[in-house]
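In what follows, a single structure is set out as structure tokens and then discussed.
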Amino acid sequence: MDMDKLVSLCKRRGFLFQSSEIYGGLNGFWDYGPLGVELKRNVKEAWWRDMVSGHDELTVSGGAPSTFDMVGLDCTIIMHPQVWKCSGHFDLFCDFMVDCTESKKRYRHDQVRGRWVTYREQKVFVTTMAEADKEQGELEAKALKFFNIRAKDADKLAWDGDSVSLATINDTKQVLAPDAKTLGTLTDPREFNLMFKTIVGALGTAEDAAFLRPETAQGIFVNFKNVVDSSRVAVPFGIAQIGKSFRNEITPRNFTFRSREFEQMEIEFFCKPASSPQWYKYWRDRRYQWYLDLGLPRERLQLRDHHADELSHYSCGTADIEYAFPFLPAGEFGELEGVAHRGDFDLRSHSEGKLTKDAEGKLIVELGPDGKPKHRGSGKDLSYFDAEAKERYVPHVIEPSAGADRATLAFLCEAYTEDKVPDENGNPRERTLLKLNPRIAPIKAAVFPLVKKDGMPEAAQKIYRALKKQFNVFYDEGGAVGRRYARQDEVGTPYCITVDGETLQNGSVTIRDRDSLKQWRIKADDAVAEVTKLLNPAGS
Ligand code: ATP
């Protein structure tokens, strides 16, 4: 699939716009247009309903089916700065960047990609930031320019190996930076903290510095005791939150995939340490299934367990749910969601103190010479008394952490389809459609009068109003009906209802299915019942 076509459809039909576009845009920030906001809301609502408000999953423990609680939270974006010290973000939430002394541009070290190429015994590592499908073309153009040879002599360039990340290259003197004309212009990689800084209050002193949250998870941890004390939840249970997060990404790219402001859908699931490995597997599989149910196919959706050396500081096990986004090189997958076993690190560090890395790079609570935590966390006891087992422990946490924007983008990529359908004269006509799962489609049904006369608009509007009470529906009477169908296909509307001459005679209308193009007649009075049935096939 050509990503440019999807990006252009998103702009043309009001799914996504560049933020502050009339001022030239702001890199890494995106606005959702009228249809985009519906789509993303539907994704978030499906998640909230399936994971929280409608959650009624039974699990089998000790042979007997049992259920567990899921509750929600909505925490602030700016929190006490100590939260980020104890979570490790203040000291450790960094990416490596490199600067180009010639172009003055800055790049994320691991995102610069390139290939070794030799011409007349000079070997150079040519690099680019281009997306996968344009990468080799860009590298070749840069190499031709650098060696000052003509395009027809491109076969004189001797390429060596596949493209690799700059992070794998030791000798940077032979590197041609993405926007440079001379060699060796990149600085050594430097750490860069991804948290956005801000000032709270009017005084603006260093002590007033605060941060925009880089994840929603910490709001859940610091409220753990509040939730336990105020709600009748008992371990095992989960707390969910949907909200904005901010990361000052060095090079935002790939449409909304890597943005600087984005929305997360996170669950922190608290369980007894001994049963945490089972819960980890449970959540990994349940979250994978959620994407399948909403339309991502198994061949482009993978559940990848992290290798031991890839595990985050806190984790005894992490799996990524990944989708083969079309802007990635063939065979590569991009993260939609991480499901991590976080042990008891978060609750422990918020009660005991600041986390730091040990010699092996593992995160530990920093101890003073007296063997006690050197920096206090909140000092509050965040352990839990299990009334059933009559024991006190710090619960272990399983964290399924998803991105609302990445999920929305994956559903859009997967839905984008081009096919040929017969026009009114039976000739093949190209059509573009979004095969979105009806549950997340921005518009559930469109209602058309075949022509703008003979009482058809009035009959169609009556159906539209009845449907509008329950669903987001669209009324359109402009232009040829074929064009109106095409416009709805392009935004993923699953059903179109058309009022025609027969409606006026016998009260029936046609209903058309977006994917199969099947049309059948129903009574106009049954339109609401029919759309309801079609949207809830299992009667759920
Ligand atoms: P990546 O490796 O792609 O930077 P991550 O491992 O840092 O992602 P997490 O910290 O696990 O991501 O965040 C959980 C989820 O939040 C991700 O799976 C993703 O869906 C979403 N997310 C993280 N960073 C961004 C971003 N810059 N833009 C959009 N979504 C993001």
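In the structure tokens, each chain is lettered A, B, ... as it comes, each chain's residues begin at 1, and ligands are numbered from 1 in order of appearance.
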Neighbouring residues of ligand 1 are defined here as those with any atom at most 9 Å from a ligand atom, counting only C-alpha atoms and all ligand atoms; list them as an mmCIF file with C-alpha atoms, in the first residue's frame.
data_model
loop_
_atom_site.group_PDB
_atom_site.id
_atom_site.type_symbol
_atom_site.label_atom_id
_atom_site.label_comp_id
_atom_site.auth_asym_id
_atom_site.auth_seq_id
_atom_site.Cartn_x
_atom_site.Cartn_y
_atom_site.Cartn_z
ATOM 1 C CA GLY A 28 5.374 15.807 15.447
ATOM 2 C CA PRO A 214 5.606 10.907 29.140
ATOM 3 C CA GLU A 215 3.200 8.070 30.045
ATOM 4 C CA SER A 245 1.223 11.795 26.901
ATOM 5 C CA PHE A 246 4.112 13.891 25.649
ATOM 6 C CA ARG A 247 7.580 12.932 24.473
ATOM 7 C CA ASN A 248 10.004 15.345 22.910
ATOM 8 C CA GLU A 249 10.930 12.810 20.220
ATOM 9 C CA PRO A 252 9.025 12.390 14.848
ATOM 10 C CA ARG A 253 8.106 10.485 11.689
ATOM 11 C CA THR A 256 1.163 9.835 13.542
ATOM 12 C CA PHE A 257 3.230 6.742 14.438
ATOM 13 C CA ARG A 258 5.862 8.753 16.281
ATOM 14 C CA SER A 259 4.406 12.046 17.487
ATOM 15 C CA ARG A 260 5.394 14.400 20.277
ATOM 16 C CA GLU A 261 1.869 14.576 21.691
ATOM 17 C CA PHE A 262 -0.160 11.382 21.612
ATOM 18 C CA GLU A 263 -2.737 9.413 23.531
ATOM 19 C CA GLN A 264 -2.166 6.253 25.502
ATOM 20 C CA MET A 265 -4.563 3.579 26.723
ATOM 21 C CA GLU A 266 -2.898 1.929 29.692
ATOM 22 C CA ASP A 320 5.212 -6.269 22.018
ATOM 23 C CA ILE A 321 2.136 -6.435 19.866
ATOM 24 C CA GLU A 322 3.372 -5.273 16.491
ATOM 25 C CA GLY A 334 6.163 -1.505 14.431
ATOM 26 C CA GLU A 335 5.000 -1.509 18.060
ATOM 27 C CA LEU A 336 1.298 -0.984 18.751
ATOM 28 C CA GLU A 337 1.375 -1.977 22.388
ATOM 29 C CA GLY A 338 3.796 -3.267 24.967
ATOM 30 C CA VAL A 339 2.635 -5.793 27.567
ATOM 31 C CA ALA A 340 5.136 -5.785 30.411
ATOM 32 C CA PRO A 400 -0.635 -3.538 28.804
ATOM 33 C CA SER A 401 0.290 -0.125 27.398
ATOM 34 C CA ALA A 402 -1.246 0.817 24.064
ATOM 35 C CA GLY A 403 -1.172 3.914 21.870
ATOM 36 C CA ALA A 404 -4.551 5.211 20.701
ATOM 37 C CA ASP A 405 -2.978 6.996 17.741
ATOM 38 C CA ARG A 406 -0.906 4.025 16.643
ATOM 39 C CA ALA A 407 -3.926 1.705 16.881
#
Requested in this report: Extract, using only C-alpha atoms, all DNA, RNA and protein residues at most 7 Å from Asp31 in chain A, discarding same-chain residues fewer than 3 positions from it, and format them as a list of chain:residue names.
Outcome: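 Result of the neighbour search: A:Leu16, A:Phe17, A:Gln18, A:Ser19.
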Report task. Kindly give the distance, in Å, that separates CA of Met456 in chain A and CA of Gly507 in chain A, rounded to a single decimal. Result ->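 So the answer is 11.1 Å.
Distance check against Gly379 in chain A using only C-alpha atoms: of A:Gln174, A:Thr187, A:Gln82, A:Thr432, the minimum falls on A:Gln82.
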Query raised in the report: Which residues come within 9 Å of Lys523 in chain A, counting only C-alpha atoms, excluding same-chain residues fewer than 2 positions away, as an MDAnalysis selection string?
Result: chainID A and resid 503 506:510 521 525:527
Only N, CA, C and O atoms, please: the residues just picked out, written as an mmCIF file, in the first residue's frame.
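Printed below is again.cif as written:
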data_model
loop_
_atom_site.group_PDB
_atom_site.id
_atom_site.type_symbol
_atom_site.label_atom_id
_atom_site.label_comp_id
_atom_site.auth_asym_id
_atom_site.auth_seq_id
_atom_site.Cartn_x
_atom_site.Cartn_y
_atom_site.Cartn_z
ATOM 1 N N THR A 503 -39.967 3.234 -2.704
ATOM 2 C CA THR A 503 -40.224 3.628 -1.310
ATOM 3 C C THR A 503 -41.591 4.311 -1.214
ATOM 4 O O THR A 503 -42.366 4.065 -0.287
ATOM 5 N N ASN A 506 -44.286 1.367 -1.814
ATOM 6 C CA ASN A 506 -44.513 0.290 -0.839
ATOM 7 C C ASN A 506 -43.731 0.461 0.472
ATOM 8 O O ASN A 506 -43.665 -0.462 1.288
ATOM 9 N N GLY A 507 -43.095 1.621 0.644
ATOM 10 C CA GLY A 507 -42.416 1.883 1.924
ATOM 11 C C GLY A 507 -41.126 1.121 2.120
ATOM 12 O O GLY A 507 -40.612 1.036 3.229
ATOM 13 N N SER A 508 -40.538 0.573 1.025
ATOM 14 C CA SER A 508 -39.270 -0.146 1.204
ATOM 15 C C SER A 508 -38.102 0.711 0.710
ATOM 16 O O SER A 508 -38.282 1.593 -0.131
ATOM 17 N N VAL A 509 -36.929 0.464 1.235
ATOM 18 C CA VAL A 509 -35.713 1.180 0.811
ATOM 19 C C VAL A 509 -34.632 0.140 0.517
ATOM 20 O O VAL A 509 -34.744 -1.001 0.957
ATOM 21 N N THR A 510 -33.574 0.561 -0.224
ATOM 22 C CA THR A 510 -32.470 -0.393 -0.402
ATOM 23 C C THR A 510 -31.420 -0.116 0.662
ATOM 24 O O THR A 510 -31.244 1.024 1.105
ATOM 25 N N ARG A 521 -33.621 -5.085 0.001
ATOM 26 C CA ARG A 521 -34.661 -4.123 0.381
ATOM 27 C C ARG A 521 -35.181 -4.442 1.777
ATOM 28 O O ARG A 521 -35.310 -5.617 2.148
ATOM 29 N N ASP A 525 -39.429 1.610 7.819
ATOM 30 C CA ASP A 525 -39.680 1.657 9.263
ATOM 31 C C ASP A 525 -38.746 0.725 10.045
ATOM 32 O O ASP A 525 -38.613 0.855 11.260
ATOM 33 N N ASP A 526 -38.138 -0.244 9.332
ATOM 34 C CA ASP A 526 -37.240 -1.189 10.025
ATOM 35 C C ASP A 526 -35.772 -0.763 9.960
ATOM 36 O O ASP A 526 -34.882 -1.522 10.365
ATOM 37 N N ALA A 527 -35.525 0.445 9.402
ATOM 38 C CA ALA A 527 -34.121 0.839 9.166
ATOM 39 C C ALA A 527 -33.301 0.809 10.461
ATOM 40 O O ALA A 527 -32.178 0.293 10.486
#
Requested in this report: Taking the chain letters and numbering used in this document, name the residues of range 362-537 of chain A that DSSP puts in alpha helix (DSSP H), as a VMD selection string.
Outcome: chain A and resid 404 to 415 456 to 468 481 to 490 501 to 506 527 to 535
**Report entry** Selection: 7 Å around range 71-74 of chain A, only C-alpha atoms, excl. self and same-chain fewer than 5 positions, as number ranges by chain
**Finding:** A: 52, 238-241
Requested in this report: Please identify all polymer residues within 10 Å of Cys75 in chain A, counting only C-alpha atoms, omitting same-chain residues fewer than 4 positions from it, and present them as a PyMOL selection string.
Outcome: chain A and resi 79+216-220+222-223+241-243
**Report entry** Selection: 8 Å around Leu139 in chain A, only C-alpha atoms, excl. self and same-chain fewer than 3 positions, as a ChimeraX atom specification
**Finding:** /A:114-115,126-128,135-136,142-143
Query - Contact residues around range 102-111 of chain A with only C-alpha atoms at 7 Å, ignoring same-chain residues under 5 positions, as a VMD selection string - result: chain A and resid 96 to 97 129 165 to 167 179 to 180 185 189 250 to 251
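Taking only C-alpha atoms into account, Asp500 in chain A lies nearest to A:Leu450 out of the set A:Ala151, A:Leu450, A:Ile463, A:Cys316.
Interatomic distance, CA of Ser276 in chain A to CA of Pro395 in chain A: 9.0 Å.
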Mind running range 68-162 of chain A against range 192-195 of chain A at 8 Å and telling me each contacting residue's nearest atom pair with the distance in Å (one decimal), counting only C-alpha atoms, chain and number ascending, as a Markdown table?
| residue | atom | partner | partner_atom | distance |
| --- | --- | --- | --- | --- |
| A:His89 | CA | A:Met195 | CA | 7.8 |
| A:Phe90 | CA | A:Asn193 | CA | 7.6 |
| A:Asp91 | CA | A:Asn193 | CA | 8.0 |
| A:Leu92 | CA | A:Asn193 | CA | 7.6 |
| A:Phe93 | CA | A:Asn193 | CA | 5.7 |
| A:Cys94 | CA | A:Asn193 | CA | 4.3 |
| A:Asp95 | CA | A:Phe192 | CA | 5.4 |
| A:Phe96 | CA | A:Phe192 | CA | 6.0 |
| A:Met97 | CA | A:Phe192 | CA | 6.7 |
Would you export the selected residues with N, CA and C atoms as an mmCIF file, in the first residue's frame, please?
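Once written, again30.cif looks like this:
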data_model
loop_
_atom_site.group_PDB
_atom_site.id
_atom_site.type_symbol
_atom_site.label_atom_id
_atom_site.label_comp_id
_atom_site.auth_asym_id
_atom_site.auth_seq_id
_atom_site.Cartn_x
_atom_site.Cartn_y
_atom_site.Cartn_z
ATOM 1 N N HIS A 89 12.205 8.215 35.075
ATOM 2 C CA HIS A 89 12.171 9.015 33.840
ATOM 3 C C HIS A 89 13.112 10.219 33.887
ATOM 4 N N PHE A 90 13.268 10.814 35.071
ATOM 5 C CA PHE A 90 14.087 12.028 35.175
ATOM 6 C C PHE A 90 15.546 11.732 34.796
ATOM 7 N N ASP A 91 16.044 10.583 35.232
ATOM 8 C CA ASP A 91 17.453 10.261 34.977
ATOM 9 C C ASP A 91 17.672 9.393 33.745
ATOM 10 N N LEU A 92 16.654 8.620 33.393
ATOM 11 C CA LEU A 92 16.941 7.548 32.436
ATOM 12 C C LEU A 92 16.109 7.553 31.162
ATOM 13 N N PHE A 93 15.151 8.467 31.033
ATOM 14 C CA PHE A 93 14.272 8.409 29.871
ATOM 15 C C PHE A 93 14.899 9.207 28.727
ATOM 16 N N CYS A 94 15.903 8.585 28.102
ATOM 17 C CA CYS A 94 16.701 9.331 27.116
ATOM 18 C C CYS A 94 16.809 8.551 25.820
ATOM 19 N N ASP A 95 16.994 9.283 24.732
ATOM 20 C CA ASP A 95 17.410 8.693 23.458
ATOM 21 C C ASP A 95 18.751 9.314 23.116
ATOM 22 N N PHE A 96 19.474 8.682 22.189
ATOM 23 C CA PHE A 96 20.738 9.270 21.736
ATOM 24 C C PHE A 96 20.507 10.077 20.475
ATOM 25 N N MET A 97 21.136 11.262 20.425
ATOM 26 C CA MET A 97 21.012 12.083 19.221
ATOM 27 C C MET A 97 22.398 12.427 18.686
#
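Residue nearest Tyr475 in chain A within the list A:Asp2, A:Glu430, A:Glu140, A:Glu458: A:Glu458 [criterion: smallest interatomic distance, only C-alpha atoms].
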